[in-house]
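Enquirer: Structure incoming, see below.
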Amino acid sequence: MSTFRVAVLPLDAVEHHPKADRLSLCRVRGFTAVVAKNPDGSHRFVPGEKILYVPEGAVLPTPLLRAHGYWNDALDMGKLAGPLGNRVSAIELRGVLSQGLVWELPFPDAAVGEDFAERLGITKYVPEVPPELLGQVTVCMQAKMGYDIEGFLNYPTLFDDDEVAITEKIHGICAQVSFIPGLNDPDLFGEGDVAITSKGLGDQGLVFRNVPENADSPYVSTALDADLPARLRAWAARNAPGEKVAVVAEIFGRGIQDLHYGANAPIIRGFDVRVGRTWLDEDDKVAALSDVGLERVPLLYRGKFDRALADDLRSGSTTFDGANIREGIVITAIGSQEKRMTDLETFIRPVLKYHSPAYLTRKGGTEYR
């Protein structure tokens with residue numbers, strides 16, 4: 001899963017806000033956080049200083065909201081995002097996108113990279129899923145994947161020496177369809193050896209049951225309409241006998257999320273394939289998706305990584321419907337998908353997501369898993 005941390009990090013730069021004399025721009029990793037200056041107009045922080053970075057999606061307990069000035073006494077709630085005003089979200093402040101919060105260190109001796117989320121009671125926001133996207137489930141730990149993609153701004157130098165493929169990130173729901181040879185579970189699909197699940201349910205080892213009550217679930221109906229159970233089994237028999245094969249796909253359209261891409265019925269597009277414990281590289285993945293009859297998400301660019309190009313491609317309109325904003329992009333290194341060490345001494349796959357500012361600051365957005 002993508003890493004959630006409230007980490008100690010050094011500030012890369014501190015600058016004056018170009019349109020607000022009382023605000024500073026604090027650069028940390030690839031993020032910019034807008035911070036109020038001191039009363040005398042000086043910056044509160046200096047470059048190189050260790051700070052605590054509270055990322056987007058962090059949910060703050062009431063004592064922290066009060067302590068940091070994010071509490072509205074009249075309304076008895078926080079001043080941030082969400083119905084309780086306790087969630088950190090991206091916001092545009094005087095023309096600059098601000099992502100996350102920069103705080104003084106509560107523990108002066110803390111080391112760079114140290115995570116204080118648990119100690120401070122800060123948790124990751126997990127949106128509630130509407131009943132129409134749920135269904136009857138059963139346990140299938142063999143289908144558990146823990147799938148997610150890290151954010152580009154956490155690792156902005158990861159692709160500096162890479163050839164990459166950049167695809168459009170589609171705002172839908174993530175479906176995981178797995179062929180598990182020899183399983184023979186009457187609750188599952190195909191011949192009892194194909195599991196269909198969502199990202200959120202799959203994280204818990206839960207999958208949809210093959211029962212009439214699940215027929216209208218977009219996860220189940222789109223996978224069955226695409227004949228994925230039979231196609232996945234046939235592909236595995238030809239290319240990976242005896243191996244578990246999983247396809248990860250995005251389902252989108254009207255009624256799925258707040259962005260519907262002009263589609264009145266759910267559409268499914270593939271974007272990742274795993275054989276055994278190995279994620280396929282770009283060329284093998286594209287071939288596998290084609291063989292199982294799945295279109296992939298739109299390819300926007302393939303070539304040497306270029307940060308300026310990535311900044312440009314993440315924004316604008318979707319390739320599906322020009323009236324719909326683009327959620328962002330996914331950048332994947334060409335070649336091996338083995339985990340590599342980052343400059344933060346963590347290990348991640350060379351695939352990162354990069355959201356557009358318009359997507360991050362849109363009103364009324366949904367984030368179902």
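Lettering and numbering for the structure tokens are positional, with chains as A, B, ... in the shown order, residues counted from 1 in each chain, and ligands counted from 1 in the shown order.
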Could you tell me, as a ChimeraX atom specification, which residues of stretch 7-135 of chain A DSSP assigns to strand (DSSP E or B) when given the backbone?

Expert: /A:7-10,13-16,23-28,31-36,50-54,58-59,71-72,77-78,81,87,91-93,96-98,101-103,115,123-124

Enquirer: Write out as a list in words each polymer residue whose atoms come within 7 Å of A:Gly135, counting only C-alpha atoms; drop sequence neighbours fewer than 6 positions from it.

Expert: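 Near A:Gly135, the qualifying residues are Phe208, Asn214 and Ser217 of chain A.
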
Enquirer: Within 12 Å of A:Val297, counting only C-alpha atoms, which residues show up once you throw out same-chain ones fewer than 3 positions away? Write them as a PDB file with all heavy atoms, in the first residue's frame, please.

Expert:
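Final output, out_0.pdb:
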```pdb
ATOM      1  N   ALA A 165       6.884   4.935 -19.030  1.00  0.00           N
ATOM      2  CA  ALA A 165       5.583   5.019 -19.686  1.00  0.00           C
ATOM      3  C   ALA A 165       4.690   5.861 -18.790  1.00  0.00           C
ATOM      4  O   ALA A 165       4.631   5.635 -17.576  1.00  0.00           O
ATOM      5  CB  ALA A 165       4.979   3.632 -19.891  1.00  0.00           C
ATOM      6  N   ILE A 166       4.035   6.857 -19.370  1.00  0.00           N
ATOM      7  CA  ILE A 166       3.117   7.710 -18.607  1.00  0.00           C
ATOM      8  C   ILE A 166       1.710   7.463 -19.124  1.00  0.00           C
ATOM      9  O   ILE A 166       1.426   7.625 -20.319  1.00  0.00           O
ATOM     10  CB  ILE A 166       3.479   9.194 -18.734  1.00  0.00           C
ATOM     11  CG1 ILE A 166       4.878   9.445 -18.153  1.00  0.00           C
ATOM     12  CG2 ILE A 166       2.452  10.065 -18.018  1.00  0.00           C
ATOM     13  CD1 ILE A 166       5.330  10.896 -18.210  1.00  0.00           C
ATOM     14  N   THR A 167       0.835   7.031 -18.236  1.00  0.00           N
ATOM     15  CA  THR A 167      -0.557   6.757 -18.591  1.00  0.00           C
ATOM     16  C   THR A 167      -1.479   7.700 -17.839  1.00  0.00           C
ATOM     17  O   THR A 167      -1.110   8.248 -16.789  1.00  0.00           O
ATOM     18  CB  THR A 167      -0.938   5.303 -18.246  1.00  0.00           C
ATOM     19  OG1 THR A 167      -0.632   5.043 -16.870  1.00  0.00           O
ATOM     20  CG2 THR A 167      -0.176   4.323 -19.127  1.00  0.00           C
ATOM     21  N   GLU A 168      -2.671   7.896 -18.376  1.00  0.00           N
ATOM     22  CA  GLU A 168      -3.648   8.727 -17.678  1.00  0.00           C
ATOM     23  C   GLU A 168      -4.184   7.985 -16.465  1.00  0.00           C
ATOM     24  O   GLU A 168      -4.517   6.793 -16.544  1.00  0.00           O
ATOM     25  CB  GLU A 168      -4.812   9.101 -18.591  1.00  0.00           C
ATOM     26  CG  GLU A 168      -5.827   9.988 -17.881  1.00  0.00           C
ATOM     27  CD  GLU A 168      -6.952  10.478 -18.767  1.00  0.00           C
ATOM     28  OE1 GLU A 168      -6.884  10.300 -19.996  1.00  0.00           O
ATOM     29  OE2 GLU A 168      -7.925  11.057 -18.216  1.00  0.00           O
ATOM     30  N   LYS A 169      -4.255   8.676 -15.323  1.00  0.00           N
ATOM     31  CA  LYS A 169      -4.870   8.102 -14.130  1.00  0.00           C
ATOM     32  C   LYS A 169      -6.357   8.381 -14.185  1.00  0.00           C
ATOM     33  O   LYS A 169      -6.775   9.536 -14.270  1.00  0.00           O
ATOM     34  CB  LYS A 169      -4.256   8.683 -12.860  1.00  0.00           C
ATOM     35  CG  LYS A 169      -4.669   7.909 -11.621  1.00  0.00           C
ATOM     36  CD  LYS A 169      -3.962   8.375 -10.383  1.00  0.00           C
ATOM     37  CE  LYS A 169      -4.219   7.429  -9.218  1.00  0.00           C
ATOM     38  NZ  LYS A 169      -5.619   7.027  -9.054  1.00  0.00           N
ATOM     39  N   ILE A 170      -7.129   7.320 -14.137  1.00  0.00           N
ATOM     40  CA  ILE A 170      -8.586   7.419 -14.261  1.00  0.00           C
ATOM     41  C   ILE A 170      -9.208   7.389 -12.871  1.00  0.00           C
ATOM     42  O   ILE A 170      -8.837   6.567 -12.024  1.00  0.00           O
ATOM     43  CB  ILE A 170      -9.139   6.255 -15.107  1.00  0.00           C
ATOM     44  CG1 ILE A 170      -8.435   6.193 -16.461  1.00  0.00           C
ATOM     45  CG2 ILE A 170     -10.638   6.402 -15.295  1.00  0.00           C
ATOM     46  CD1 ILE A 170      -8.596   7.424 -17.303  1.00  0.00           C
ATOM     47  N   HIS A 171     -10.172   8.257 -12.637  1.00  0.00           N
ATOM     48  CA  HIS A 171     -10.837   8.321 -11.335  1.00  0.00           C
ATOM     49  C   HIS A 171     -12.037   7.378 -11.344  1.00  0.00           C
ATOM     50  O   HIS A 171     -13.118   7.723 -11.816  1.00  0.00           O
ATOM     51  CB  HIS A 171     -11.286   9.748 -11.042  1.00  0.00           C
ATOM     52  CG  HIS A 171     -11.821   9.920  -9.649  1.00  0.00           C
ATOM     53  ND1 HIS A 171     -11.200   9.397  -8.540  1.00  0.00           N
ATOM     54  CD2 HIS A 171     -12.928  10.566  -9.188  1.00  0.00           C
ATOM     55  CE1 HIS A 171     -11.885   9.709  -7.455  1.00  0.00           C
ATOM     56  NE2 HIS A 171     -12.935  10.416  -7.817  1.00  0.00           N
ATOM     57  N   GLY A 172     -11.818   6.172 -10.843  1.00  0.00           N
ATOM     58  CA  GLY A 172     -12.885   5.186 -10.759  1.00  0.00           C
ATOM     59  C   GLY A 172     -12.714   4.372  -9.498  1.00  0.00           C
ATOM     60  O   GLY A 172     -12.329   4.887  -8.451  1.00  0.00           O
ATOM     61  N   VAL A 248      -5.141  -6.012 -12.402  1.00  0.00           N
ATOM     62  CA  VAL A 248      -5.669  -4.846 -11.685  1.00  0.00           C
ATOM     63  C   VAL A 248      -6.222  -3.879 -12.723  1.00  0.00           C
ATOM     64  O   VAL A 248      -5.550  -3.568 -13.711  1.00  0.00           O
ATOM     65  CB  VAL A 248      -4.580  -4.166 -10.837  1.00  0.00           C
ATOM     66  CG1 VAL A 248      -5.189  -3.056  -9.974  1.00  0.00           C
ATOM     67  CG2 VAL A 248      -3.867  -5.186  -9.952  1.00  0.00           C
ATOM     68  N   ALA A 249      -7.450  -3.431 -12.516  1.00  0.00           N
ATOM     69  CA  ALA A 249      -8.127  -2.603 -13.520  1.00  0.00           C
ATOM     70  C   ALA A 249      -8.915  -1.496 -12.847  1.00  0.00           C
ATOM     71  O   ALA A 249      -9.232  -1.565 -11.653  1.00  0.00           O
ATOM     72  CB  ALA A 249      -9.053  -3.466 -14.370  1.00  0.00           C
ATOM     73  N   GLU A 250      -9.228  -0.474 -13.631  1.00  0.00           N
ATOM     74  CA  GLU A 250     -10.043   0.647 -13.158  1.00  0.00           C
ATOM     75  C   GLU A 250     -11.418   0.555 -13.791  1.00  0.00           C
ATOM     76  O   GLU A 250     -11.554   0.321 -14.996  1.00  0.00           O
ATOM     77  CB  GLU A 250      -9.396   1.985 -13.528  1.00  0.00           C
ATOM     78  CG  GLU A 250      -9.910   3.157 -12.728  1.00  0.00           C
ATOM     79  CD  GLU A 250      -9.341   3.212 -11.318  1.00  0.00           C
ATOM     80  OE1 GLU A 250      -8.456   2.411 -10.962  1.00  0.00           O
ATOM     81  OE2 GLU A 250      -9.804   4.082 -10.555  1.00  0.00           O
ATOM     82  N   ILE A 251     -12.449   0.716 -12.965  1.00  0.00           N
ATOM     83  CA  ILE A 251     -13.834   0.746 -13.433  1.00  0.00           C
ATOM     84  C   ILE A 251     -14.344   2.164 -13.227  1.00  0.00           C
ATOM     85  O   ILE A 251     -14.221   2.723 -12.137  1.00  0.00           O
ATOM     86  CB  ILE A 251     -14.707  -0.253 -12.664  1.00  0.00           C
ATOM     87  CG1 ILE A 251     -14.179  -1.686 -12.864  1.00  0.00           C
ATOM     88  CG2 ILE A 251     -16.168  -0.161 -13.105  1.00  0.00           C
ATOM     89  CD1 ILE A 251     -14.816  -2.686 -11.932  1.00  0.00           C
ATOM     90  N   PHE A 252     -14.913   2.751 -14.261  1.00  0.00           N
ATOM     91  CA  PHE A 252     -15.328   4.146 -14.159  1.00  0.00           C
ATOM     92  C   PHE A 252     -16.551   4.386 -15.037  1.00  0.00           C
ATOM     93  O   PHE A 252     -16.927   3.558 -15.870  1.00  0.00           O
ATOM     94  CB  PHE A 252     -14.182   5.080 -14.566  1.00  0.00           C
ATOM     95  CG  PHE A 252     -13.646   4.831 -15.953  1.00  0.00           C
ATOM     96  CD1 PHE A 252     -14.058   5.596 -17.022  1.00  0.00           C
ATOM     97  CD2 PHE A 252     -12.721   3.824 -16.184  1.00  0.00           C
ATOM     98  CE1 PHE A 252     -13.575   5.369 -18.301  1.00  0.00           C
ATOM     99  CE2 PHE A 252     -12.219   3.582 -17.460  1.00  0.00           C
ATOM    100  CZ  PHE A 252     -12.649   4.358 -18.517  1.00  0.00           C
ATOM    101  N   ILE A 267     -17.203   1.320 -17.437  1.00  0.00           N
ATOM    102  CA  ILE A 267     -16.148   0.918 -18.364  1.00  0.00           C
ATOM    103  C   ILE A 267     -14.997   0.350 -17.539  1.00  0.00           C
ATOM    104  O   ILE A 267     -14.712   0.835 -16.440  1.00  0.00           O
ATOM    105  CB  ILE A 267     -15.665   2.122 -19.180  1.00  0.00           C
ATOM    106  CG1 ILE A 267     -16.782   2.643 -20.088  1.00  0.00           C
ATOM    107  CG2 ILE A 267     -14.438   1.773 -20.023  1.00  0.00           C
ATOM    108  CD1 ILE A 267     -16.422   3.934 -20.812  1.00  0.00           C
ATOM    109  N   ILE A 268     -14.325  -0.668 -18.065  1.00  0.00           N
ATOM    110  CA  ILE A 268     -13.176  -1.241 -17.371  1.00  0.00           C
ATOM    111  C   ILE A 268     -11.942  -1.140 -18.259  1.00  0.00           C
ATOM    112  O   ILE A 268     -11.998  -1.383 -19.459  1.00  0.00           O
ATOM    113  CB  ILE A 268     -13.448  -2.714 -16.967  1.00  0.00           C
ATOM    114  CG1 ILE A 268     -12.286  -3.258 -16.121  1.00  0.00           C
ATOM    115  CG2 ILE A 268     -13.724  -3.587 -18.169  1.00  0.00           C
ATOM    116  CD1 ILE A 268     -12.592  -4.599 -15.463  1.00  0.00           C
ATOM    117  N   ARG A 269     -10.816  -0.726 -17.644  1.00  0.00           N
ATOM    118  CA  ARG A 269      -9.540  -0.629 -18.340  1.00  0.00           C
ATOM    119  C   ARG A 269      -8.447  -1.205 -17.427  1.00  0.00           C
ATOM    120  O   ARG A 269      -8.389  -0.891 -16.240  1.00  0.00           O
ATOM    121  CB  ARG A 269      -9.191   0.823 -18.679  1.00  0.00           C
ATOM    122  CG  ARG A 269     -10.098   1.459 -19.704  1.00  0.00           C
ATOM    123  CD  ARG A 269      -9.840   0.922 -21.110  1.00  0.00           C
ATOM    124  NE  ARG A 269     -10.615   1.633 -22.113  1.00  0.00           N
ATOM    125  CZ  ARG A 269     -11.844   1.310 -22.497  1.00  0.00           C
ATOM    126  NH1 ARG A 269     -12.441   0.263 -21.926  1.00  0.00           N
ATOM    127  NH2 ARG A 269     -12.468   2.004 -23.420  1.00  0.00           N
ATOM    128  N   GLY A 270      -7.558  -2.020 -17.975  1.00  0.00           N
ATOM    129  CA  GLY A 270      -6.508  -2.632 -17.184  1.00  0.00           C
ATOM    130  C   GLY A 270      -5.282  -1.748 -17.060  1.00  0.00           C
ATOM    131  O   GLY A 270      -5.004  -0.921 -17.927  1.00  0.00           O
ATOM    132  N   PHE A 271      -4.517  -1.923 -15.971  1.00  0.00           N
ATOM    133  CA  PHE A 271      -3.279  -1.150 -15.841  1.00  0.00           C
ATOM    134  C   PHE A 271      -2.153  -1.886 -15.138  1.00  0.00           C
ATOM    135  O   PHE A 271      -1.027  -1.389 -15.076  1.00  0.00           O
ATOM    136  CB  PHE A 271      -3.522   0.203 -15.160  1.00  0.00           C
ATOM    137  CG  PHE A 271      -4.088   0.133 -13.761  1.00  0.00           C
ATOM    138  CD1 PHE A 271      -3.260   0.029 -12.661  1.00  0.00           C
ATOM    139  CD2 PHE A 271      -5.457   0.210 -13.552  1.00  0.00           C
ATOM    140  CE1 PHE A 271      -3.774  -0.007 -11.375  1.00  0.00           C
ATOM    141  CE2 PHE A 271      -5.987   0.177 -12.275  1.00  0.00           C
ATOM    142  CZ  PHE A 271      -5.139   0.062 -11.178  1.00  0.00           C
ATOM    143  N   ASP A 272      -2.371  -3.090 -14.611  1.00  0.00           N
ATOM    144  CA  ASP A 272      -1.286  -3.823 -13.976  1.00  0.00           C
ATOM    145  C   ASP A 272      -1.578  -5.319 -14.030  1.00  0.00           C
ATOM    146  O   ASP A 272      -2.746  -5.741 -13.993  1.00  0.00           O
ATOM    147  CB  ASP A 272      -1.117  -3.387 -12.513  1.00  0.00           C
ATOM    148  CG  ASP A 272       0.332  -3.055 -12.159  1.00  0.00           C
ATOM    149  OD1 ASP A 272       1.236  -3.534 -12.884  1.00  0.00           O
ATOM    150  OD2 ASP A 272       0.565  -2.328 -11.183  1.00  0.00           O
ATOM    151  N   LYS A 285       3.239  -6.575 -19.802  1.00  0.00           N
ATOM    152  CA  LYS A 285       1.933  -6.192 -19.251  1.00  0.00           C
ATOM    153  C   LYS A 285       0.952  -5.825 -20.360  1.00  0.00           C
ATOM    154  O   LYS A 285      -0.206  -6.280 -20.358  1.00  0.00           O
ATOM    155  CB  LYS A 285       2.112  -5.016 -18.297  1.00  0.00           C
ATOM    156  CG  LYS A 285       0.826  -4.395 -17.796  1.00  0.00           C
ATOM    157  CD  LYS A 285       1.106  -3.262 -16.827  1.00  0.00           C
ATOM    158  CE  LYS A 285       1.818  -2.108 -17.480  1.00  0.00           C
ATOM    159  NZ  LYS A 285       2.094  -1.006 -16.523  1.00  0.00           N
ATOM    160  N   VAL A 286       1.401  -5.008 -21.292  1.00  0.00           N
ATOM    161  CA  VAL A 286       0.531  -4.591 -22.399  1.00  0.00           C
ATOM    162  C   VAL A 286       0.090  -5.804 -23.205  1.00  0.00           C
ATOM    163  O   VAL A 286      -1.085  -5.932 -23.580  1.00  0.00           O
ATOM    164  CB  VAL A 286       1.253  -3.569 -23.288  1.00  0.00           C
ATOM    165  CG1 VAL A 286       0.461  -3.302 -24.562  1.00  0.00           C
ATOM    166  CG2 VAL A 286       1.483  -2.266 -22.526  1.00  0.00           C
ATOM    167  N   LEU A 289      -2.519  -7.842 -21.093  1.00  0.00           N
ATOM    168  CA  LEU A 289      -3.843  -7.204 -21.072  1.00  0.00           C
ATOM    169  C   LEU A 289      -4.561  -7.407 -22.401  1.00  0.00           C
ATOM    170  O   LEU A 289      -5.765  -7.683 -22.437  1.00  0.00           O
ATOM    171  CB  LEU A 289      -3.694  -5.716 -20.758  1.00  0.00           C
ATOM    172  CG  LEU A 289      -3.284  -5.364 -19.327  1.00  0.00           C
ATOM    173  CD1 LEU A 289      -3.006  -3.874 -19.199  1.00  0.00           C
ATOM    174  CD2 LEU A 289      -4.361  -5.784 -18.329  1.00  0.00           C
ATOM    175  N   SER A 290      -3.830  -7.281 -23.494  1.00  0.00           N
ATOM    176  CA  SER A 290      -4.431  -7.504 -24.808  1.00  0.00           C
ATOM    177  C   SER A 290      -4.914  -8.943 -24.948  1.00  0.00           C
ATOM    178  O   SER A 290      -6.018  -9.206 -25.450  1.00  0.00           O
ATOM    179  CB  SER A 290      -3.418  -7.176 -25.906  1.00  0.00           C
ATOM    180  OG  SER A 290      -3.948  -7.443 -27.180  1.00  0.00           O
ATOM    181  N   LEU A 294      -8.538  -7.006 -22.411  1.00  0.00           N
ATOM    182  CA  LEU A 294      -8.747  -5.744 -21.696  1.00  0.00           C
ATOM    183  C   LEU A 294      -7.985  -4.626 -22.382  1.00  0.00           C
ATOM    184  O   LEU A 294      -6.781  -4.740 -22.623  1.00  0.00           O
ATOM    185  CB  LEU A 294      -8.258  -5.844 -20.254  1.00  0.00           C
ATOM    186  CG  LEU A 294      -9.199  -6.336 -19.172  1.00  0.00           C
ATOM    187  CD1 LEU A 294      -8.519  -6.214 -17.819  1.00  0.00           C
ATOM    188  CD2 LEU A 294     -10.502  -5.569 -19.167  1.00  0.00           C
ATOM    189  N   LEU A 300      -0.041   8.105 -22.583  1.00  0.00           N
ATOM    190  CA  LEU A 300       0.179   9.503 -22.967  1.00  0.00           C
ATOM    191  C   LEU A 300       1.590   9.753 -23.483  1.00  0.00           C
ATOM    192  O   LEU A 300       1.809  10.650 -24.294  1.00  0.00           O
ATOM    193  CB  LEU A 300      -0.093  10.423 -21.769  1.00  0.00           C
ATOM    194  CG  LEU A 300      -1.482  10.311 -21.136  1.00  0.00           C
ATOM    195  CD1 LEU A 300      -1.569  11.235 -19.920  1.00  0.00           C
ATOM    196  CD2 LEU A 300      -2.575  10.633 -22.130  1.00  0.00           C
ATOM    197  N   THR A 318      -9.276  15.021 -19.709  1.00  0.00           N
ATOM    198  CA  THR A 318      -9.108  13.601 -19.936  1.00  0.00           C
ATOM    199  C   THR A 318      -9.109  13.286 -21.425  1.00  0.00           C
ATOM    200  O   THR A 318      -9.686  14.019 -22.226  1.00  0.00           O
ATOM    201  CB  THR A 318     -10.226  12.802 -19.243  1.00  0.00           C
ATOM    202  OG1 THR A 318     -10.088  11.418 -19.556  1.00  0.00           O
ATOM    203  CG2 THR A 318     -11.590  13.259 -19.714  1.00  0.00           C
ATOM    204  N   THR A 319      -8.492  12.185 -21.789  1.00  0.00           N
ATOM    205  CA  THR A 319      -8.527  11.739 -23.180  1.00  0.00           C
ATOM    206  C   THR A 319      -9.863  11.093 -23.532  1.00  0.00           C
ATOM    207  O   THR A 319     -10.154  10.868 -24.700  1.00  0.00           O
ATOM    208  CB  THR A 319      -7.401  10.721 -23.448  1.00  0.00           C
ATOM    209  OG1 THR A 319      -7.540   9.622 -22.542  1.00  0.00           O
ATOM    210  CG2 THR A 319      -6.038  11.362 -23.276  1.00  0.00           C
ATOM    211  N   PHE A 320     -10.697  10.793 -22.517  1.00  0.00           N
ATOM    212  CA  PHE A 320     -11.988  10.167 -22.771  1.00  0.00           C
ATOM    213  C   PHE A 320     -13.070  11.188 -23.117  1.00  0.00           C
ATOM    214  O   PHE A 320     -13.908  10.952 -23.956  1.00  0.00           O
ATOM    215  CB  PHE A 320     -12.454   9.362 -21.540  1.00  0.00           C
ATOM    216  CG  PHE A 320     -11.712   8.078 -21.358  1.00  0.00           C
ATOM    217  CD1 PHE A 320     -10.668   7.994 -20.447  1.00  0.00           C
ATOM    218  CD2 PHE A 320     -12.041   6.954 -22.088  1.00  0.00           C
ATOM    219  CE1 PHE A 320      -9.979   6.813 -20.274  1.00  0.00           C
ATOM    220  CE2 PHE A 320     -11.356   5.765 -21.922  1.00  0.00           C
ATOM    221  CZ  PHE A 320     -10.319   5.693 -21.006  1.00  0.00           C
ATOM    222  N   ILE A 329      -1.712  11.455 -13.675  1.00  0.00           N
ATOM    223  CA  ILE A 329      -0.990  10.472 -14.470  1.00  0.00           C
ATOM    224  C   ILE A 329      -0.387   9.415 -13.552  1.00  0.00           C
ATOM    225  O   ILE A 329      -0.274   9.607 -12.333  1.00  0.00           O
ATOM    226  CB  ILE A 329       0.137  11.120 -15.303  1.00  0.00           C
ATOM    227  CG1 ILE A 329       1.102  11.908 -14.409  1.00  0.00           C
ATOM    228  CG2 ILE A 329      -0.443  12.016 -16.395  1.00  0.00           C
ATOM    229  CD1 ILE A 329       2.292  12.513 -15.133  1.00  0.00           C
ATOM    230  N   VAL A 330      -0.001   8.295 -14.161  1.00  0.00           N
ATOM    231  CA  VAL A 330       0.796   7.278 -13.490  1.00  0.00           C
ATOM    232  C   VAL A 330       2.076   7.110 -14.302  1.00  0.00           C
ATOM    233  O   VAL A 330       2.029   6.936 -15.520  1.00  0.00           O
ATOM    234  CB  VAL A 330       0.045   5.943 -13.389  1.00  0.00           C
ATOM    235  CG1 VAL A 330       0.966   4.869 -12.808  1.00  0.00           C
ATOM    236  CG2 VAL A 330      -1.203   6.091 -12.523  1.00  0.00           C
TER     237      VAL A 330
END
```

Enquirer: Quick one: everything within 9 Å of stretch 51-65 of chain A, counting only C-alpha atoms, minus sequence neighbours fewer than 4 positions away in the same chain. Send it as a VMD selection string.

Expert: chain A and resid 4 to 11 28 45 69 to 71 77 to 80 86 to 90 99 to 106 112 115 to 117 120 to 126

Enquirer: Restricting the calculation to only C-alpha atoms: of A:Gly365, A:Leu232, A:Gly335, A:Gln204, which residue gets closest to A:Ile256?

Expert: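 The answer is A:Gly365, which sits nearest to A:Ile256.
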
Enquirer: Go through A:Val164, A:Leu280, A:Val14, A:Leu299 and flag the residue nearest A:Val245, using only C-alpha atoms for the distances.

Expert: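 Ranked by minimum distance to A:Val245, first place goes to A:Leu280.
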